[in-house]
$ cat input-v3.cif   # mmCIF, C-alpha atoms and all ligand atoms
data_protein
loop_
_atom_site.label_atom_id
_atom_site.label_comp_id
_atom_site.auth_asym_id
_atom_site.auth_seq_id
_atom_site.Cartn_x
_atom_site.Cartn_y
_atom_site.Cartn_z
CA MET Q 1 204.35 158.79 106.56
CA TYR Q 2 206.51 156.49 104.43
CA LYS Q 3 205.66 156.48 100.76
CA SER Q 4 206.31 153.09 99.16
CA ARG Q 5 208.09 152.91 95.83
CA ALA Q 6 204.89 151.69 94.16
CA GLU Q 7 202.91 154.63 95.56
CA HIS Q 8 205.62 157.02 94.48
CA ILE Q 9 205.65 155.57 90.95
CA VAL Q 10 201.86 155.93 90.63
CA GLU Q 11 202.10 159.48 91.89
CA VAL Q 12 204.68 160.28 89.20
CA VAL Q 13 203.37 158.39 86.16
CA GLY Q 14 199.74 157.74 87.11
CA ASP Q 15 198.03 154.36 87.31
CA ILE Q 16 199.87 151.72 85.33
CA PRO Q 17 198.85 148.17 84.44
CA ARG Q 18 200.10 145.26 86.54
CA PHE Q 19 202.51 144.05 83.84
CA ARG Q 20 204.37 147.38 84.10
CA PHE Q 21 204.99 146.76 87.81
CA ASP Q 22 206.25 143.33 86.91
CA GLN Q 23 208.66 144.85 84.38
CA ILE Q 24 209.76 147.38 87.00
CA HIS Q 25 210.46 144.70 89.61
CA LYS Q 26 212.37 142.57 87.12
CA ALA Q 27 214.51 145.60 86.28
CA LEU Q 28 215.08 146.48 89.95
CA PHE Q 29 216.44 142.99 90.60
CA ASP Q 30 218.54 142.91 87.42
CA VAL Q 31 222.02 143.58 88.77
CA SER Q 32 223.23 144.75 85.35
CA LEU Q 33 220.95 147.81 85.61
CA ASN Q 34 221.52 150.73 87.92
CA SER Q 35 219.13 153.48 86.85
CA TRP Q 36 215.62 153.99 85.46
CA ASN Q 37 217.18 155.28 82.23
CA GLN Q 38 218.48 151.77 81.54
CA VAL Q 39 215.12 150.01 81.84
CA SER Q 40 214.50 149.52 78.14
CA THR Q 41 211.26 147.61 78.73
CA LEU Q 42 209.59 150.87 79.86
CA PRO Q 43 208.47 153.68 77.51
CA LEU Q 44 211.02 156.49 77.21
CA ASN Q 45 208.82 159.18 78.79
CA MET Q 46 208.13 156.91 81.78
CA ARG Q 47 211.83 156.23 82.24
CA GLU Q 48 212.61 159.95 82.15
CA SER Q 49 209.93 160.80 84.72
CA LEU Q 50 211.02 157.99 87.05
CA GLU Q 51 214.67 158.97 86.71
CA GLN Q 52 213.85 162.49 87.85
CA GLU Q 53 211.46 161.64 90.67
CA VAL Q 54 211.83 158.13 92.07
CA PRO Q 55 215.05 156.94 93.74
CA TRP Q 56 216.39 153.72 92.21
CA MET Q 57 217.26 152.41 95.69
CA SER Q 58 215.38 152.99 98.94
CA VAL Q 59 218.60 152.64 100.96
CA VAL Q 60 221.99 154.28 100.43
CA LEU Q 61 225.41 153.40 101.77
CA VAL Q 62 226.82 155.50 104.61
CA GLN Q 63 229.80 153.37 105.60
CA MET Q 64 231.19 149.92 104.81
CA PHE Q 65 233.24 147.73 107.16
CA GLU Q 66 235.25 144.68 106.10
CA SER Q 67 236.34 141.95 108.54
CA ALA Q 68 240.03 141.06 108.75
CA GLN Q 69 239.20 137.62 107.30
CA LYS Q 70 237.37 139.32 104.39
CA ASP Q 71 234.49 136.94 104.99
CA THR Q 72 232.07 139.47 106.49
CA TYR Q 73 230.99 142.93 105.40
CA LYS Q 74 228.81 145.28 107.41
CA ALA Q 75 227.05 148.18 105.72
CA VAL Q 76 225.63 151.14 107.58
CA LEU Q 77 222.74 152.13 105.32
CA LYS Q 78 220.48 155.16 105.34
CA THR Q 79 216.79 155.18 104.47
CA LEU Q 80 215.32 157.97 102.34
CA ASP Q 81 214.01 159.66 105.50
CA GLY Q 82 217.50 159.69 106.97
CA LYS Q 83 217.41 156.75 109.40
CA ASN Q 84 220.57 154.67 109.71
CA PHE Q 85 220.55 150.91 110.14
CA GLU Q 86 222.90 147.99 109.50
CA SER Q 87 222.92 145.04 107.13
CA VAL Q 88 225.52 142.26 106.95
CA LEU Q 89 226.97 140.02 104.21
CA MET Q 90 228.63 136.80 105.41
CA ALA Q 91 230.47 134.05 103.52
CA ASN Q 92 228.77 130.69 104.00
CA ARG Q 93 229.92 127.09 103.87
CA ARG Q 94 228.93 126.69 100.23
CA GLY Q 95 231.38 129.40 99.16
CA GLN Q 96 228.42 131.73 98.56
CA TRP Q 97 226.95 134.53 100.66
CA THR Q 98 224.27 134.83 103.30
CA ILE Q 99 222.79 138.25 103.97
CA CYS Q 100 221.61 139.15 107.42
CA VAL Q 101 218.87 141.72 106.91
CA SER Q 102 217.28 144.22 109.28
CA SER Q 103 213.52 144.55 109.51
CA GLN Q 104 213.24 147.47 111.93
CA ILE Q 105 215.29 150.52 112.85
CA GLY Q 106 216.19 149.56 116.42
CA CYS Q 107 214.08 147.08 118.34
CA ALA Q 108 211.52 147.19 121.13
CA MET Q 109 212.30 143.75 122.55
CA LYS Q 110 215.14 144.85 124.86
CA CYS Q 111 216.90 141.48 125.08
CA THR Q 112 219.48 142.17 127.78
CA PHE Q 113 222.53 140.92 125.85
CA CYS Q 114 221.75 142.63 122.54
CA ALA Q 115 223.19 145.90 121.28
CA THR Q 116 220.17 146.67 119.07
CA GLY Q 117 217.85 146.28 122.05
CA THR Q 118 219.50 149.24 123.78
CA LEU Q 119 218.43 151.55 120.91
CA GLY Q 120 214.70 151.10 121.43
CA LEU Q 121 212.42 151.02 118.40
CA LYS Q 122 212.74 153.97 116.00
CA ARG Q 123 210.39 152.56 113.37
CA SER Q 124 209.57 149.46 111.36
CA MET Q 125 211.00 149.23 107.89
CA HIS Q 126 208.94 149.23 104.72
CA SER Q 127 209.07 146.14 102.52
CA ASP Q 128 211.05 148.12 99.89
CA GLU Q 129 213.73 148.90 102.48
CA ILE Q 130 213.91 145.24 103.50
CA SER Q 131 213.95 143.76 99.99
CA ASP Q 132 216.40 146.41 98.74
CA GLN Q 133 219.03 145.07 101.16
CA TYR Q 134 219.33 142.10 98.78
CA ARG Q 135 219.67 144.51 95.83
CA PHE Q 136 222.24 146.56 97.71
CA TRP Q 137 224.47 143.54 98.44
CA ASN Q 138 224.04 142.16 94.93
CA THR Q 139 225.28 145.46 93.50
CA PHE Q 140 228.12 145.52 96.05
CA LEU Q 141 229.25 142.04 94.94
CA LYS Q 142 229.14 143.09 91.30
CA SER Q 143 231.60 145.86 92.17
CA LYS Q 144 233.93 143.21 93.67
CA PRO Q 145 234.43 140.67 90.86
CA GLU Q 146 237.21 138.97 92.86
CA LEU Q 147 234.57 137.75 95.37
CA PRO Q 148 232.04 134.93 94.85
CA GLN Q 149 228.96 136.56 93.32
CA ARG Q 150 225.99 134.55 94.52
CA ILE Q 151 223.74 135.36 97.48
CA SER Q 152 222.29 131.99 98.37
CA ASN Q 153 220.60 132.66 101.73
CA VAL Q 154 218.83 135.40 103.65
CA VAL Q 155 218.38 135.43 107.41
CA PHE Q 156 216.28 137.92 109.36
CA MET Q 157 218.82 138.25 112.14
CA GLY Q 158 219.77 141.90 111.76
CA MET Q 159 218.16 144.79 113.61
CA GLY Q 160 214.59 144.35 114.78
CA GLU Q 161 212.03 141.65 115.46
CA PRO Q 162 210.66 140.54 112.07
CA LEU Q 163 207.31 139.29 113.34
CA ALA Q 164 206.67 142.73 114.89
CA ASN Q 165 206.76 143.97 111.27
CA TYR Q 166 204.80 141.02 109.89
CA GLU Q 167 203.22 142.45 106.71
CA ASN Q 168 206.34 144.21 105.44
CA VAL Q 169 208.52 141.18 106.14
CA LYS Q 170 206.05 138.93 104.34
CA LYS Q 171 205.90 141.27 101.35
CA ALA Q 172 209.70 141.51 101.11
CA ILE Q 173 209.97 137.70 101.21
CA HIS Q 174 207.40 137.34 98.41
CA THR Q 175 209.35 139.87 96.35
CA TRP Q 176 212.55 137.84 96.70
CA LEU Q 177 210.75 134.59 95.96
CA LYS Q 178 209.37 136.07 92.74
CA TYR Q 179 212.29 138.13 91.47
CA THR Q 180 215.43 136.32 92.70
CA ASP Q 181 216.60 132.70 92.62
CA LEU Q 182 216.10 132.32 96.39
CA GLY Q 183 213.84 129.45 97.35
CA PRO Q 184 211.77 129.50 100.56
CA THR Q 185 214.10 127.12 102.41
CA LYS Q 186 216.94 129.57 101.81
CA ILE Q 187 215.18 132.25 103.83
CA MET Q 188 215.04 132.13 107.62
CA VAL Q 189 212.90 134.32 109.81
CA SER Q 190 214.36 134.52 113.29
CA THR Q 191 211.96 135.59 116.02
CA VAL Q 192 212.24 136.17 119.73
CA GLY Q 193 208.85 134.47 119.96
CA ILE Q 194 205.89 136.82 119.57
CA LEU Q 195 203.20 134.22 120.13
CA SER Q 196 200.29 136.29 118.77
CA GLN Q 197 202.08 136.74 115.44
CA MET Q 198 203.25 133.15 115.40
CA GLN Q 199 199.63 132.11 115.86
CA LYS Q 200 198.63 134.42 113.01
CA LEU Q 201 201.01 132.85 110.52
CA LEU Q 202 199.47 129.43 111.17
CA SER Q 203 196.22 130.55 109.59
CA ASP Q 204 197.68 132.92 107.01
CA PRO Q 205 197.42 131.27 103.56
CA ASP Q 206 199.84 133.89 102.25
CA TRP Q 207 202.62 133.13 104.77
CA PRO Q 208 205.57 131.85 102.70
CA PRO Q 209 207.05 128.41 103.53
CA VAL Q 210 210.30 129.80 104.93
CA ARG Q 211 212.29 128.41 107.82
CA ILE Q 212 211.66 129.75 111.31
CA ALA Q 213 214.22 130.08 114.08
CA ILE Q 214 213.04 130.87 117.59
CA SER Q 215 215.52 132.65 119.84
CA LEU Q 216 215.03 130.64 123.01
CA HIS Q 217 218.14 131.42 125.10
CA SER Q 218 216.73 129.43 128.03
CA ALA Q 219 214.20 126.66 128.63
CA ASN Q 220 213.73 127.89 132.17
CA GLN Q 221 210.86 130.42 132.31
CA LYS Q 222 212.45 132.59 135.04
CA LYS Q 223 215.87 132.66 133.38
CA ARG Q 224 214.26 133.41 130.03
CA GLU Q 225 212.41 136.38 131.53
CA GLU Q 226 215.76 137.69 132.80
CA ILE Q 227 217.39 137.41 129.36
CA VAL Q 228 214.35 138.38 127.25
CA PRO Q 229 212.27 140.77 129.40
CA THR Q 230 209.35 140.71 126.95
CA THR Q 231 208.80 136.99 127.70
CA VAL Q 232 205.10 136.49 128.47
CA PRO Q 233 203.84 134.30 131.37
CA ASP Q 234 203.78 130.61 130.50
CA PHE Q 235 205.83 131.36 127.39
CA LEU Q 236 207.56 127.99 127.28
CA LYS Q 237 204.37 126.00 127.68
CA ARG Q 238 202.61 128.04 125.02
CA LEU Q 239 205.60 127.81 122.68
CA ALA Q 240 205.61 124.01 122.95
CA VAL Q 241 201.89 123.91 122.08
CA TRP Q 242 202.48 126.31 119.18
CA SER Q 243 205.32 124.18 117.79
CA HIS Q 244 203.01 121.16 117.60
CA ASP Q 245 200.26 123.28 116.00
CA TYR Q 246 202.84 124.50 113.50
CA GLN Q 247 203.91 120.99 112.59
CA SER Q 248 200.36 119.74 112.25
CA THR Q 249 199.23 122.78 110.24
CA LEU Q 250 202.26 123.46 108.05
CA GLY Q 251 204.61 120.67 108.90
CA ASN Q 252 206.82 119.23 106.27
CA ARG Q 253 210.51 119.35 105.57
CA THR Q 254 210.38 122.88 104.25
CA HIS Q 255 208.86 124.24 107.43
CA HIS Q 256 211.75 123.22 109.63
CA LEU Q 257 211.85 124.84 113.06
CA THR Q 258 215.03 125.61 114.96
CA PHE Q 259 215.82 126.97 118.42
CA GLU Q 260 218.61 129.53 118.67
CA TYR Q 261 220.43 129.57 121.99
CA THR Q 262 222.99 132.31 122.70
CA LEU Q 263 225.46 130.94 125.24
CA ILE Q 264 226.42 133.60 127.79
CA SER Q 265 229.06 132.72 130.34
CA HIS Q 266 227.60 131.78 133.73
CA VAL Q 267 224.18 133.12 132.72
CA ASN Q 268 222.57 130.33 130.67
CA ASP Q 269 225.42 127.91 129.99
CA THR Q 270 225.27 125.65 133.06
CA PRO Q 271 224.88 121.85 132.83
CA GLU Q 272 221.55 122.13 134.72
CA LEU Q 273 220.19 124.51 132.08
CA ALA Q 274 221.48 122.23 129.31
CA ARG Q 275 219.52 119.33 130.85
CA GLU Q 276 216.47 121.57 131.24
CA LEU Q 277 216.75 122.50 127.56
CA ALA Q 278 217.08 118.85 126.52
CA SER Q 279 213.96 117.92 128.54
CA TYR Q 280 212.06 120.86 127.05
CA ILE Q 281 212.95 120.00 123.45
CA ILE Q 282 211.31 116.60 123.86
CA LYS Q 283 208.02 118.39 124.65
CA THR Q 284 208.17 120.44 121.46
CA ALA Q 285 208.07 119.74 117.74
CA VAL Q 286 211.45 121.44 117.32
CA SER Q 287 214.21 119.08 116.29
CA LYS Q 288 217.32 121.22 116.27
CA VAL Q 289 219.21 123.62 118.56
CA ASN Q 290 221.75 126.05 117.16
CA VAL Q 291 224.04 127.34 119.91
CA ILE Q 292 225.62 130.74 119.37
CA PRO Q 293 228.63 131.70 121.46
CA TYR Q 294 227.82 135.19 122.80
CA ASN Q 295 229.41 138.10 120.95
CA PRO Q 296 230.51 140.77 123.43
CA VAL Q 297 228.72 144.13 123.20
CA HIS Q 298 230.24 147.43 124.37
CA GLY Q 299 228.70 148.52 127.67
CA LYS Q 300 227.30 145.08 128.58
CA ASP Q 301 228.79 142.98 131.39
CA PHE Q 302 228.09 139.64 129.70
CA THR Q 303 230.92 137.53 128.31
CA ARG Q 304 231.13 134.63 125.89
CA ALA Q 305 230.90 131.17 127.44
CA GLU Q 306 234.35 129.55 127.64
CA ARG Q 307 235.09 126.81 125.10
CA SER Q 308 234.96 124.06 127.74
CA ARG Q 309 231.53 125.23 128.93
CA ILE Q 310 230.22 125.40 125.33
CA ASP Q 311 231.48 121.88 124.66
CA THR Q 312 229.97 120.50 127.88
CA PHE Q 313 226.64 122.18 127.08
CA LYS Q 314 226.60 120.64 123.60
CA GLU Q 315 227.65 117.21 124.89
CA ILE Q 316 224.77 117.14 127.37
CA LEU Q 317 222.31 117.98 124.58
CA CYS Q 318 223.82 115.24 122.39
CA THR Q 319 223.54 112.73 125.24
CA TYR Q 320 219.81 113.40 125.28
CA GLY Q 321 219.67 112.86 121.53
CA VAL Q 322 219.22 116.52 120.60
CA ASN Q 323 220.48 117.57 117.17
CA VAL Q 324 222.82 120.44 118.08
CA THR Q 325 224.92 122.69 115.86
CA GLU Q 326 227.14 125.63 116.73
CA ARG Q 327 227.16 128.84 114.76
CA LYS Q 328 230.60 129.99 113.68
CA THR Q 329 231.31 133.50 114.91
CA MET Q 330 232.00 135.85 112.02
CA GLY Q 331 232.53 139.58 111.78
CA ASP Q 332 232.92 140.22 115.52
CA ASP Q 333 235.96 142.44 114.77
CA ILE Q 334 233.64 144.86 112.94
CA ASP Q 335 230.70 144.48 115.37
CA ALA Q 336 228.76 142.64 112.70
CA ALA Q 337 228.16 139.40 114.59
CA CYS Q 338 224.83 138.35 116.05
CA GLY Q 339 223.52 140.78 118.67
CA GLN Q 340 226.18 143.40 117.93
CA LEU Q 341 224.32 145.64 115.47
CA ALA Q 342 223.84 149.02 117.13
CA LEU Q 343 225.23 151.70 114.82
CA SER Q 344 227.99 152.27 117.35
CA SER Q 345 230.54 152.73 114.62
CA SER Q 346 228.55 154.97 112.28
S1 LIG Z 1 218.04 140.02 120.05
FE1 LIG Z 1 216.66 140.50 118.33
S2 LIG Z 1 214.66 140.71 119.32
FE2 LIG Z 1 216.17 140.88 120.97
S3 LIG Z 1 216.57 143.10 121.18
FE3 LIG Z 1 218.09 142.25 119.76
S4 LIG Z 1 217.23 142.61 117.71
FE4 LIG Z 1 215.54 142.77 119.19
#

$ encode --input "input-v3.cif" --output "structure tokens"
Amino acid sequence: MYKSRAEHIVEVVGDIPRFRFDQIHKALFDVSLNSWNQVSTLPLNMRESLEQEVPWMSVVLVQMFESAQKDTYKAVLKTLDGKNFESVLMANRRGQWTICVSSQIGCAMKCTFCATGTLGLKRSMHSDEISDQYRFWNTFLKSKPELPQRISNVVFMGMGEPLANYENVKKAIHTWLKYTDLGPTKIMVSTVGILSQMQKLLSDPDWPPVRIAISLHSANQKKREEIVPTTVPDFLKRLAVWSHDYQSTLGNRTHHLTFEYTLISHVNDTPELARELASYIIKTAVSKVNVIPYNPVHGKDFTRAERSRIDTFKEILCTYGVNVTERKTMGDDIDAACGQLALSSS
């Protein structure tokens, strides 16, 4: 049974008032500090006890990979109970960094193109392990003063399905919102589309106003079931209804919805499927499609859609008035790109 940092602290120093936890969190997210001994806001005896008993970080580095372009870093991290997972740091267009965090060790969703899906689910991650990925990368950047220092965005696109670990993901997001300079529109939760959890967030007053990306991969129910085997019957119809409920319940600029569409050669990149996607979008409250050229995964037969097929697919969407963007592929030389995280190199 995982012991959270807060539980561990109480076990070591006994019950402490709320303001002490606030001081502790501020210290944990202060990149100039790297041990309990340095937290001068805490009494000396408390610092000494924590230093002896409670790890400063809930994740430790096993191995670091750097892309040839030096614009992507992939860390293999280990949890305190010895489970490895991966977390990625990517340069973004603003000359700052986006971190791609994991929310589970492995994943139960089994999307056919994804390396993580082949691992199966080992366990969900605790909120400390999720939020500490930000701390880990912040400390890493501090050790590299030649690099830009600011993490401006977080995306839940690493290992795992975040909505299958709803409470821990929510808690980690609230921690970042309170103790870092990240605003809610700088955080994106990417889901394969677990409708029960998506329904839950509509009536959850504590759900933070972050962006949501839905990994669609096809607007054809049968094709979607092939690519995402966990697709439920009538998924597309129910998703369209949900998107309108979302807009009417939470809708404003800060609750922007996006569809993610991984383009796999001769699987879901045909002109017919592009037209089907364009017709589907009109039925939803989603205004934007982000196409992602497929990143090859060892042991999978799928290949990336050719440039001409990607361009044709995008042109068809544009013709129908769909706002379409294409994600730049980064870190594929270190297996850090979307869908490639599988601990193969650890
Ligand atoms: S694409 Fe996402 S949801 Fe699907 S198996 Fe991979 S990690 Fe899980």

$ atom_distance --input "input-v3.cif" --atom1 "atom CA of Lys74 of chain Q" --atom2 "atom CA of Pro55 of chain Q"
22.6 Å

$ residues_near_ligand --input "input-v3.cif" --ligand "ligand LIG 1 (chain Z)" --cutoff "6 Å" --atoms "only C-alpha atoms and all ligand atoms" --output "list in words"
Cys107, Met109, Lys110, Cys111, Cys114, Thr116, Gly117, Met159, Gly160, Glu161, Val192 and Gly339 of chain Q

$ residues_around --input "input-v3.cif" --residues "Lys314 of chain Q" --least-positions-apart "4" --cutoff "8 Å" --atoms "only C-alpha atoms" --output "PyMOL selection string"
chain Q and resi 274+310+318+324

$ closest_residue --input "input-v3.cif" --among "Q:Gln52, Q:Thr231, Q:Gln199, Q:Ser67" --to "Leu89 of chain Q" --atoms "only C-alpha atoms"
Q:Ser67

$ residues_around --input "input-v3.cif" --residues "Asp301 of chain Q" --least-positions-apart "4" --cutoff "9 Å" --atoms "only C-alpha atoms" --output "list in words"
Phe113, Pro296 and Val297 of chain Q

$ residues_around --input "input-v3.cif" --residues "Gln63 of chain Q" --least-positions-apart "5" --cutoff "9 Å" --atoms "all atoms listed in the file" --output "short mmCIF file (atom, residue, chain, number, x, y, z; two decimals) with C-alpha atoms, in the coordinates of the input"
data_model
loop_
_atom_site.label_atom_id
_atom_site.label_comp_id
_atom_site.auth_asym_id
_atom_site.auth_seq_id
_atom_site.Cartn_x
_atom_site.Cartn_y
_atom_site.Cartn_z
CA LYS Q 74 228.81 145.28 107.41
CA ALA Q 75 227.05 148.18 105.72
CA VAL Q 76 225.63 151.14 107.58
CA LEU Q 77 222.74 152.13 105.32
CA SER Q 346 228.55 154.97 112.28
#

$ atom_distance --input "input-v3.cif" --atom1 "atom CA of Lys26 of chain Q" --atom2 "atom CA of Ile212 of chain Q"
27.4 Å

$ residues_around --input "input-v3.cif" --residues "Pro205 of chain Q" --least-positions-apart "3" --cutoff "12 Å" --atoms "only C-alpha atoms" --output "number ranges by chain"
Q: 170, 200-202, 208-209, 249-250

$ residues_around --input "input-v3.cif" --residues "Val39 of chain Q" --least-positions-apart "5" --cutoff "9 Å" --atoms "all atoms listed in the file" --output "PyMOL selection string"
chain Q and resi 23-24+27-28+33-34+44+47

$ residues_near_point --input "input-v3.cif" --point "(208.7, 128.2, 127.5)" --cutoff "6 Å" --atoms "only C-alpha atoms" --output "CSV table (one decimal) with C-alpha atoms, keeping the file's coordinate frame"
chain,number,residue,atom,x,y,z
Q,219,ALA,CA,214.2,126.7,128.6
Q,221,GLN,CA,210.9,130.4,132.3
Q,235,PHE,CA,205.8,131.4,127.4
Q,236,LEU,CA,207.6,128.0,127.3
Q,237,LYS,CA,204.4,126.0,127.7
Q,239,LEU,CA,205.6,127.8,122.7

$ closest_residue --input "input-v3.cif" --among "Q:Ser87, Q:Ser40, Q:Ser215, Q:Gln197" --to "Leu61 of chain Q" --atoms "all atoms listed in the file"
Q:Ser87

$ closest_residue --input "input-v3.cif" --among "Q:Thr325, Q:Thr270, Q:Thr72, Q:Thr191" --to "Ser103 of chain Q" --atoms "all atoms listed in the file"
Q:Thr191

$ closest_residue --input "input-v3.cif" --among "Q:Lys288, Q:Lys328, Q:His126, Q:Lys222" --to "Met1 of chain Q" --atoms "all atoms listed in the file"
Q:His126

$ atom_distance --input "input-v3.cif" --atom1 "atom CA of Thr258 of chain Q" --atom2 "atom CA of Asp181 of chain Q"
23.5 Å

$ axis_aligned_box --input "input-v3.cif" --around "segment 68-77 of chain Q" --padding-each-side "3 Å" --output "JSON"
{"center_x": 231.4, "center_y": 144.5, "center_z": 106.6, "size_x": 23.3, "size_y": 21.2, "size_z": 10.4}

$ residues_near_point --input "input-v3.cif" --point "(216.0, 132.4, 134.8)" --cutoff "12 Å" --atoms "only C-alpha atoms" --output "number ranges by chain"
Q: 216-229, 231, 266-270, 272-273, 276

$ closest_residue --input "input-v3.cif" --among "Q:Ala68, Q:Leu141, Q:Ile334, Q:Leu195" --to "Gln96 of chain Q" --atoms "only C-alpha atoms"
Q:Leu141

$ closest_residue --input "input-v3.cif" --among "Q:Asp335, Q:Arg275, Q:Lys83, Q:Ala285" --to "Thr312 of chain Q" --atoms "all atoms listed in the file"
Q:Arg275
